[in-house]
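J.: The file below is model-v6.csv, CSV, C-alpha atoms and all ligand atoms:
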```
chain,number,residue,atom,x,y,z
A,20,MET,CA,167.4,182.1,110.3
A,21,SER,CA,170.6,183.3,111.8
A,22,ARG,CA,172.5,185.8,109.6
A,23,ALA,CA,174.6,183.0,108.0
A,24,TYR,CA,174.4,179.3,108.4
A,25,VAL,CA,177.9,178.7,109.8
A,26,HIS,CA,178.3,175.2,108.3
A,27,GLY,CA,177.4,176.3,104.8
A,28,TYR,CA,175.4,174.3,102.3
A,29,ASP,CA,178.1,172.7,100.2
A,30,GLU,CA,178.5,169.0,99.4
A,31,ARG,CA,181.1,168.4,102.0
A,32,GLU,CA,178.6,169.6,104.7
A,33,SER,CA,176.0,167.4,103.3
A,34,VAL,CA,178.2,164.3,103.6
A,35,ARG,CA,179.2,165.4,107.1
A,36,LEU,CA,175.5,165.7,108.1
A,37,GLN,CA,174.9,162.2,106.8
A,38,ASP,CA,177.9,160.8,108.8
A,39,GLN,CA,176.7,162.6,111.8
A,40,ALA,CA,173.2,161.2,111.4
A,41,SER,CA,174.4,157.6,111.0
A,42,SER,CA,176.7,157.9,114.0
A,43,VAL,CA,174.2,159.5,116.4
A,44,LEU,CA,171.2,157.7,114.9
A,45,GLU,CA,170.7,155.3,117.9
A,46,LEU,CA,171.2,158.1,120.5
A,47,LEU,CA,168.4,160.1,119.0
A,48,HIS,CA,166.0,157.8,117.3
A,49,ALA,CA,166.1,154.6,119.5
A,50,ASP,CA,163.3,156.1,121.7
A,51,THR,CA,161.7,158.4,119.2
A,52,ARG,CA,158.4,156.8,118.0
A,53,TYR,CA,155.0,158.3,117.2
A,54,PRO,CA,151.6,156.7,117.3
A,55,PRO,CA,150.3,155.4,113.9
A,56,GLY,CA,148.1,157.9,112.2
A,57,SER,CA,149.7,161.0,113.7
A,58,ALA,CA,150.9,164.0,111.8
A,59,VAL,CA,154.4,165.2,112.7
A,60,LEU,CA,156.2,168.4,111.7
A,61,GLU,CA,159.9,168.1,111.3
A,62,ALA,CA,161.3,171.7,111.4
A,63,GLY,CA,164.7,172.4,109.8
A,64,CYS,CA,165.0,169.0,108.1
A,65,GLY,CA,168.0,170.1,106.1
A,66,THR,CA,169.1,167.4,103.6
A,67,GLY,CA,167.0,164.8,105.2
A,68,ALA,CA,169.6,163.1,107.4
A,69,GLN,CA,167.0,162.5,110.2
A,70,THR,CA,163.9,162.4,107.9
A,71,VAL,CA,164.8,159.0,106.4
A,72,THR,CA,165.1,157.4,109.8
A,73,LEU,CA,162.0,159.1,111.2
A,74,ALA,CA,159.9,158.1,108.2
A,75,ARG,CA,161.3,154.5,108.2
A,76,ASN,CA,160.8,154.0,111.9
A,77,ASN,CA,157.3,155.4,111.8
A,78,PRO,CA,155.8,154.1,108.6
A,79,GLU,CA,152.2,154.9,109.5
A,80,VAL,CA,153.0,158.5,110.5
A,81,ARG,CA,152.6,161.5,108.1
A,82,PHE,CA,155.6,163.8,108.2
A,83,THR,CA,155.7,167.4,107.0
A,84,SER,CA,159.4,168.3,106.8
A,85,ILE,CA,160.2,171.9,106.3
A,86,ASP,CA,163.4,173.9,105.8
A,87,ILE,CA,164.3,177.4,104.7
A,88,SER,CA,166.8,176.1,102.1
A,89,ALA,CA,165.4,175.0,98.7
A,90,ALA,CA,168.6,173.2,97.8
A,91,SER,CA,168.7,171.2,101.1
A,92,LEU,CA,165.0,170.3,100.6
A,93,ALA,CA,165.7,169.0,97.0
A,94,GLU,CA,168.4,166.8,98.5
A,95,ALA,CA,166.2,165.6,101.3
A,96,LYS,CA,163.4,164.8,98.8
A,97,ALA,CA,165.7,162.7,96.6
A,98,ARG,CA,167.0,160.9,99.7
A,99,VAL,CA,163.6,160.0,100.9
A,100,GLN,CA,162.5,158.9,97.4
A,101,ALA,CA,165.6,156.8,97.0
A,102,ALA,CA,164.7,155.0,100.3
A,103,GLY,CA,161.3,154.2,98.9
A,104,LEU,CA,159.5,156.2,101.6
A,105,THR,CA,156.2,157.8,100.7
A,106,ASN,CA,155.1,159.3,104.1
A,107,VAL,CA,156.9,162.6,103.9
A,108,THR,CA,155.8,165.9,102.4
A,109,PHE,CA,158.4,168.6,102.0
A,110,ARG,CA,157.8,172.3,102.1
A,111,GLN,CA,160.1,175.3,101.9
A,112,GLN,CA,159.1,177.3,105.0
A,113,ASP,CA,160.6,179.6,107.6
A,114,VAL,CA,160.0,178.3,111.1
A,115,PHE,CA,159.2,181.8,112.2
A,116,LYS,CA,156.5,182.1,109.5
A,117,LEU,CA,154.4,179.0,109.9
A,118,PRO,CA,150.9,179.1,108.5
A,119,SER,CA,148.1,178.3,110.8
A,120,GLU,CA,147.8,174.5,110.9
A,121,SER,CA,148.2,171.9,113.6
A,122,PHE,CA,150.3,168.8,114.2
A,123,ASP,CA,150.2,166.0,116.7
A,124,HIS,CA,153.9,166.2,117.4
A,125,VAL,CA,156.9,168.3,116.4
A,126,PHE,CA,160.5,167.1,115.9
A,127,VAL,CA,163.5,169.4,115.8
A,128,CYS,CA,167.2,168.4,115.4
A,129,PHE,CA,170.2,170.7,115.2
A,130,LEU,CA,168.0,173.7,114.3
A,131,LEU,CA,167.9,175.9,117.5
A,132,GLU,CA,171.7,176.2,117.6
A,133,HIS,CA,171.6,178.2,114.3
A,134,LEU,CA,168.8,180.6,115.3
A,135,ALA,CA,169.3,184.0,116.9
A,136,ARG,CA,165.8,183.6,118.5
A,137,PRO,CA,165.5,180.0,119.6
A,138,LEU,CA,162.9,180.9,122.2
A,139,GLU,CA,160.7,182.5,119.6
A,140,ALA,CA,161.1,179.5,117.4
A,141,LEU,CA,160.0,177.2,120.2
A,142,ARG,CA,156.9,179.4,120.8
A,143,ALA,CA,156.1,179.4,117.0
A,144,LEU,CA,156.3,175.6,117.0
A,145,LYS,CA,154.1,175.4,120.1
A,146,ALA,CA,151.5,177.4,118.2
A,147,VAL,CA,151.2,174.7,115.6
A,148,LEU,CA,151.2,171.8,118.1
A,149,LYS,CA,147.9,170.3,119.2
A,150,PRO,CA,147.2,170.4,123.0
A,151,GLY,CA,148.6,167.1,124.4
A,152,GLY,CA,151.2,166.9,121.6
A,153,THR,CA,154.9,166.6,122.2
A,154,ILE,CA,157.9,168.4,120.9
A,155,THR,CA,161.2,166.6,120.6
A,156,VAL,CA,164.4,168.7,120.4
A,157,PHE,CA,167.9,167.3,119.8
A,158,GLU,CA,170.8,169.6,120.0
A,159,GLY,CA,174.6,169.4,120.6
A,160,ASP,CA,176.8,171.4,122.9
A,161,HIS,CA,180.4,172.0,121.8
A,162,GLY,CA,181.4,172.9,125.4
A,163,SER,CA,180.9,169.2,126.2
A,164,THR,CA,183.9,168.3,124.0
A,165,TYR,CA,186.9,166.6,125.7
A,166,PHE,CA,189.4,164.2,124.4
A,167,HIS,CA,192.6,162.3,125.1
A,168,PRO,CA,195.4,163.3,124.5
A,169,ASP,CA,194.2,166.7,125.5
A,170,ASN,CA,195.5,169.6,123.3
A,171,ALA,CA,195.0,173.4,123.8
A,172,LEU,CA,195.1,174.2,120.1
A,173,ALA,CA,192.3,171.7,119.4
A,174,HIS,CA,190.2,173.4,122.1
A,175,ARG,CA,191.0,176.8,120.5
A,176,ALA,CA,189.9,175.4,117.0
A,177,VAL,CA,186.6,174.2,118.5
A,178,GLN,CA,186.2,177.7,120.1
A,179,CYS,CA,186.6,179.3,116.7
A,180,LEU,CA,183.4,177.5,115.5
A,181,VAL,CA,181.6,178.5,118.7
A,182,ASP,CA,182.6,182.1,118.2
A,183,LEU,CA,181.8,182.2,114.5
A,184,GLN,CA,178.4,180.6,115.1
A,185,LYS,CA,177.8,183.3,117.8
A,186,GLN,CA,178.8,186.0,115.3
A,187,ALA,CA,176.2,184.5,112.9
A,188,GLY,CA,173.6,184.8,115.6
A,189,GLY,CA,173.6,181.1,116.7
A,190,ASN,CA,174.7,179.2,119.8
A,191,ALA,CA,176.9,176.1,119.5
A,192,ASN,CA,176.5,175.5,123.2
A,193,ILE,CA,172.7,175.4,123.3
A,194,GLY,CA,172.3,171.8,124.4
A,195,ARG,CA,172.7,172.7,128.1
A,196,GLN,CA,169.9,175.3,127.7
A,197,LEU,CA,167.1,173.0,126.4
A,198,TYR,CA,165.4,172.7,129.8
A,199,PRO,CA,165.2,176.4,130.5
A,200,LEU,CA,164.3,177.3,126.9
A,201,LEU,CA,161.5,174.7,126.7
A,202,ARG,CA,160.1,175.9,130.1
A,203,GLU,CA,160.3,179.5,129.1
A,204,ALA,CA,158.6,178.8,125.8
A,205,GLY,CA,155.6,177.5,127.9
A,206,TYR,CA,155.9,173.8,127.4
A,207,GLY,CA,155.0,171.4,130.2
A,208,ALA,CA,156.5,168.1,131.5
A,209,VAL,CA,159.9,169.0,130.2
A,210,ARG,CA,162.4,166.2,130.3
A,211,VAL,CA,166.0,166.5,129.1
A,212,SER,CA,168.4,163.7,128.8
A,213,PRO,CA,172.1,164.0,128.0
A,214,ARG,CA,173.2,161.6,125.3
A,215,MET,CA,176.9,161.1,125.5
A,216,VAL,CA,179.0,159.8,122.6
A,217,TYR,CA,182.1,158.1,124.0
A,218,VAL,CA,184.5,156.9,121.3
A,219,ASP,CA,187.6,154.8,121.7
A,220,ALA,CA,189.4,152.4,119.4
A,221,SER,CA,187.1,149.5,120.4
A,222,LYS,CA,184.5,151.2,118.3
A,223,PRO,CA,186.3,151.7,115.0
A,224,LYS,CA,183.1,152.6,113.0
A,225,LEU,CA,182.3,155.4,115.5
A,226,VAL,CA,185.9,156.6,115.5
A,227,ASP,CA,185.6,157.0,111.8
A,228,SER,CA,182.0,158.3,111.5
A,229,PHE,CA,182.0,160.5,114.6
A,230,THR,CA,185.5,161.6,115.7
A,231,ARG,CA,186.9,162.0,112.2
A,232,LYS,CA,184.0,162.5,109.8
A,233,THR,CA,181.6,164.4,112.0
A,234,PHE,CA,183.4,166.3,114.6
A,235,ALA,CA,186.9,167.0,113.2
A,236,ALA,CA,185.3,167.6,109.8
A,237,MET,CA,182.9,170.1,111.3
A,238,ILE,CA,185.7,172.1,113.0
A,239,ASP,CA,187.9,171.9,109.8
A,240,GLY,CA,184.9,173.3,107.9
A,241,VAL,CA,185.4,176.7,109.5
A,242,ARG,CA,189.2,176.8,108.8
A,243,GLU,CA,189.0,179.6,106.2
A,244,PRO,CA,186.7,182.0,108.1
A,245,ALA,CA,188.5,181.4,111.4
A,246,ILE,CA,191.9,182.2,109.8
A,247,GLN,CA,190.5,185.2,107.9
A,248,ALA,CA,188.9,186.6,111.1
A,249,GLY,CA,192.4,186.3,112.7
A,250,MET,CA,191.1,183.9,115.4
A,251,MET,CA,194.0,181.6,114.9
A,252,SER,CA,197.0,181.3,112.6
A,253,ALA,CA,196.7,178.7,109.8
A,254,ALA,CA,199.6,176.7,111.5
A,255,ASP,CA,197.9,176.7,114.9
A,256,PHE,CA,194.5,175.8,113.4
A,257,ASP,CA,195.9,172.9,111.4
A,258,ALA,CA,197.8,171.7,114.5
A,259,GLY,CA,194.4,171.8,116.4
A,260,ILE,CA,192.8,169.7,113.7
A,261,ARG,CA,195.7,167.2,113.7
A,262,ALA,CA,195.2,166.9,117.5
A,263,LEU,CA,191.5,166.1,117.0
A,264,HIS,CA,192.5,163.3,114.6
A,265,ARG,CA,195.1,162.2,117.1
A,266,ALA,CA,192.2,161.5,119.5
A,267,ALA,CA,191.0,159.0,116.8
A,268,GLU,CA,194.1,156.9,117.0
A,269,ASP,CA,194.4,153.6,118.8
A,270,ASP,CA,195.2,155.1,122.2
A,271,GLY,CA,192.9,158.1,121.8
A,272,VAL,CA,189.5,158.9,123.3
A,273,PHE,CA,186.8,161.4,122.2
A,274,CYS,CA,183.7,162.5,124.2
A,275,TYR,CA,180.8,164.7,123.2
A,276,THR,CA,177.3,165.1,124.7
A,277,PHE,CA,174.1,165.8,122.9
A,278,PHE,CA,170.9,166.7,124.7
A,279,LYS,CA,167.5,165.4,123.9
A,280,GLY,CA,164.5,167.3,125.3
A,281,VAL,CA,160.9,166.1,125.1
A,282,ALA,CA,158.1,168.4,126.3
A,283,LEU,CA,154.3,168.7,126.1
A,284,ARG,CA,152.0,171.3,124.9
A,285,GLU,CA,149.7,171.2,127.8
A,286,THR,CA,145.9,171.2,127.3
A,287,LYS,CA,145.4,174.4,129.2
A,288,SER,CA,148.1,176.4,127.5
B,1,LIG,C1,172.4,171.7,111.0
B,1,LIG,S1,171.1,171.7,109.8
B,1,LIG,C2,170.2,170.3,110.5
B,1,LIG,C3,169.4,169.6,109.5
B,1,LIG,C4,168.7,168.3,110.0
B,1,LIG,N1,167.7,168.6,111.0
B,1,LIG,C5,169.7,167.3,110.5
B,1,LIG,O1,169.6,166.9,111.7
B,1,LIG,O2,170.6,166.9,109.8
B,1,LIG,C6,170.1,173.1,110.2
B,1,LIG,C7,169.0,173.4,109.2
B,1,LIG,O3,168.1,174.4,109.7
B,1,LIG,C8,167.7,175.1,108.6
B,1,LIG,N2,167.2,176.4,109.0
B,1,LIG,C9,167.9,177.5,109.5
B,1,LIG,N3,167.0,178.5,109.8
B,1,LIG,C10,165.8,178.1,109.5
B,1,LIG,C11,164.5,178.7,109.6
B,1,LIG,N4,164.3,179.9,110.1
B,1,LIG,N5,163.4,178.0,109.2
B,1,LIG,C12,163.6,176.8,108.7
B,1,LIG,N6,164.7,176.1,108.6
B,1,LIG,C13,165.8,176.8,109.0
B,1,LIG,C14,168.9,175.2,107.7
B,1,LIG,O4,168.6,175.6,106.3
B,1,LIG,C15,169.5,173.8,107.8
B,1,LIG,O5,169.1,173.0,106.8
```
As a first step, turn the structure in this file into structure tokens.
T.:
Amino acid sequence: MSRAYVHGYDERESVRLQDQASSVLELLHADTRYPPGSAVLEAGCGTGAQTVTLARNNPEVRFTSIDISAASLAEAKARVQAAGLTNVTFRQQDVFKLPSESFDHVFVCFLLEHLARPLEALRALKAVLKPGGTITVFEGDHGSTYFHPDNALAHRAVQCLVDLQKQAGGNANIGRQLYPLLREAGYGAVRVSPRMVYVDASKPKLVDSFTRKTFAAMIDGVREPAIQAGMMSAADFDAGIRALHRAAEDDGVFCYTFFKGVALRETKS
């Protein structure tokens, strides 16, 4: 794992991940289906924000969902149980120390952006993937953020998160690199599709769940470390956050692009 998980593990982050999951659910899961009977590894499942949808959409698939954080796993387990789903096994596991076993498919969401060695993680996941199996990777890219009305302090506040994540060994702009990373890790048939979230006031639920409760909340989550590191003054940072919320008003617009990569472990590799 990167030196520090930039978003932290507190309750506010857990709520944010749930809001994020419900607002991007369609973008990610609408075309994510696995054949009945297959065994799928979900790497970096966190608090189970994707696990519930994966398990519900694929009732005849056995999921093994791993994460390095015991606290997140406990929450994920409770969430899956509360949803009445029985096709998930949870395990505390470092993605870089996977035991020798094999899966039909691998699913990864918002994990690579936090790793100092994403390429190595993709190779480690390939090692547990059966030939002919697929890996699905979903990552964001904060450099894809734009909004109306535009505001320089809001961009600077976003950059604080990008810089802090970099200092922690991660890469908040990794979405654009999925294609080269998957290729370099030795996967075949790599296909990456950008999934844009476009939010205006005609979609009030998305305004609330994505612009406010996912994106602005995520940037606000690094307020203290950003100010402590001298990246921005408290007044400028708060003005930047207000400007992000301004984009959630009736005449505001917010855009962000996720990237979904799907690739194959080829039979000859
Ligand atoms: C942003 S969360 C994403 C969680 C979930 N996939 C989702 O979409 O909500 C990233 C997760 O990766 C986990 N993680 C970080 N490094 C890891 C590693 N080396 N092995 C396994 N999990 C790791 C963190 O504990 C965290 O739960």
J.: Check every protein, DNA and RNA residue against ligand LIG 1 (chain B), keep those with an atom at most 7 Å away (counting only C-alpha atoms and all ligand atoms), and present them as an MDAnalysis selection string.
T.: chainID A and resid 20:21 24 36 40 62:69 85:88 91 112:115 127:130 133:134
J.: I'd like the interatomic distance between CA of Glu94 (chain A) and CA of Glu30 (chain A), to a tenth of an Å.
T.: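 Atom-to-atom, CA of Glu94 (chain A) and CA of Glu30 (chain A) are spaced 10.4 Å apart.
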J.: Could you list, as a PyMOL selection string, every residue within 12 Å of Phe82 (chain A), counting all atoms listed in the file and ignoring same-chain residues fewer than 5 positions away?
T.: chain A and resi 53+55-62+64+67+69-77+99+104-110+122-126
J.: Name all residues at most 9 Å from Leu172 (chain A) (count all atoms listed in the file; drop same-chain ones fewer than 2 positions away) and give them as a count of residues only.
T.: 12
J.: One decimal, Å: what's the distance from CA of Arg81 (chain A) over to CA of Arg284 (chain A), could you say?
T.: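 Result for CA of Arg81 (chain A) versus CA of Arg284 (chain A): 19.5 Å, one decimal.
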J.: Skipping near chain neighbours, those fewer than 6 positions away, what residues fall within 7 Å of Val209 (chain A) using only C-alpha atoms, listed as a PyMOL selection string?
T.: chain A and resi 198+201-202+280-283
J.: Between CA of Val181 (chain A) and CA of Leu131 (chain A), what is the distance, to one decimal in Å?
T.: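 Atom-to-atom, CA of Val181 (chain A) to CA of Leu131 (chain A), that is 14.0 Å.
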J.: Taking all atoms listed in the file into account, name the residue in A:Arg242, A:Ala95, A:Ala90, A:Asp169 that is nearest to Ala254 (chain A).
T.: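 Counting all atoms listed in the file, the residue closest to Ala254 (chain A) is A:Arg242.
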J.: I need the residue nearest Ala171 (chain A) from this list: A:Lys149, A:Lys232, A:Lys96, A:Arg261. Use all atoms listed in the file for the distance.
T.: A:Arg261
J.: Using all atoms listed in the file, which residues sit within 12 Å of Gln186 (chain A) once same-chain residues fewer than 3 positions away are excluded, as a list in words?
T.: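 So, after excluding close chain neighbours, the residues are Ser21, Arg22, Ala23, Tyr24, Val25, His133, Leu134, Ala135, Cys179, Leu180, Val181, Asp182, Leu183, Gly189, Asn190, Ala191, Pro244, Ala245 and Ala248 of chain A.
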J.: A:Asn192, A:Gln247, A:Ser119, A:Ser163: which is nearest Leu144 (chain A), counting only C-alpha atoms?
T.: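 Using only C-alpha atoms, Leu144 (chain A) sits closest to A:Ser119.
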J.: Choose the residue, out of A:Gly240, A:Ile193, A:Phe273, A:Ser252, that has the smallest atom-to-atom separation from Lys222 (chain A); count all atoms listed in the file.
T.: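 Of all the options, A:Phe273 lies closest to Lys222 (chain A).
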J.: So, with all atoms listed in the file as the atoms that count, which of A:Met250, A:Pro54, A:Ala140, A:Pro150 lies closest to Leu200 (chain A)?
T.: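 That would be A:Ala140, the residue with the smallest distance to Leu200 (chain A).
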J.: I'd like to know which of A:Val156, A:Met237, A:Ala267, A:Leu44 is closest to Ser212 (chain A), using all atoms listed in the file.
T.: A:Val156
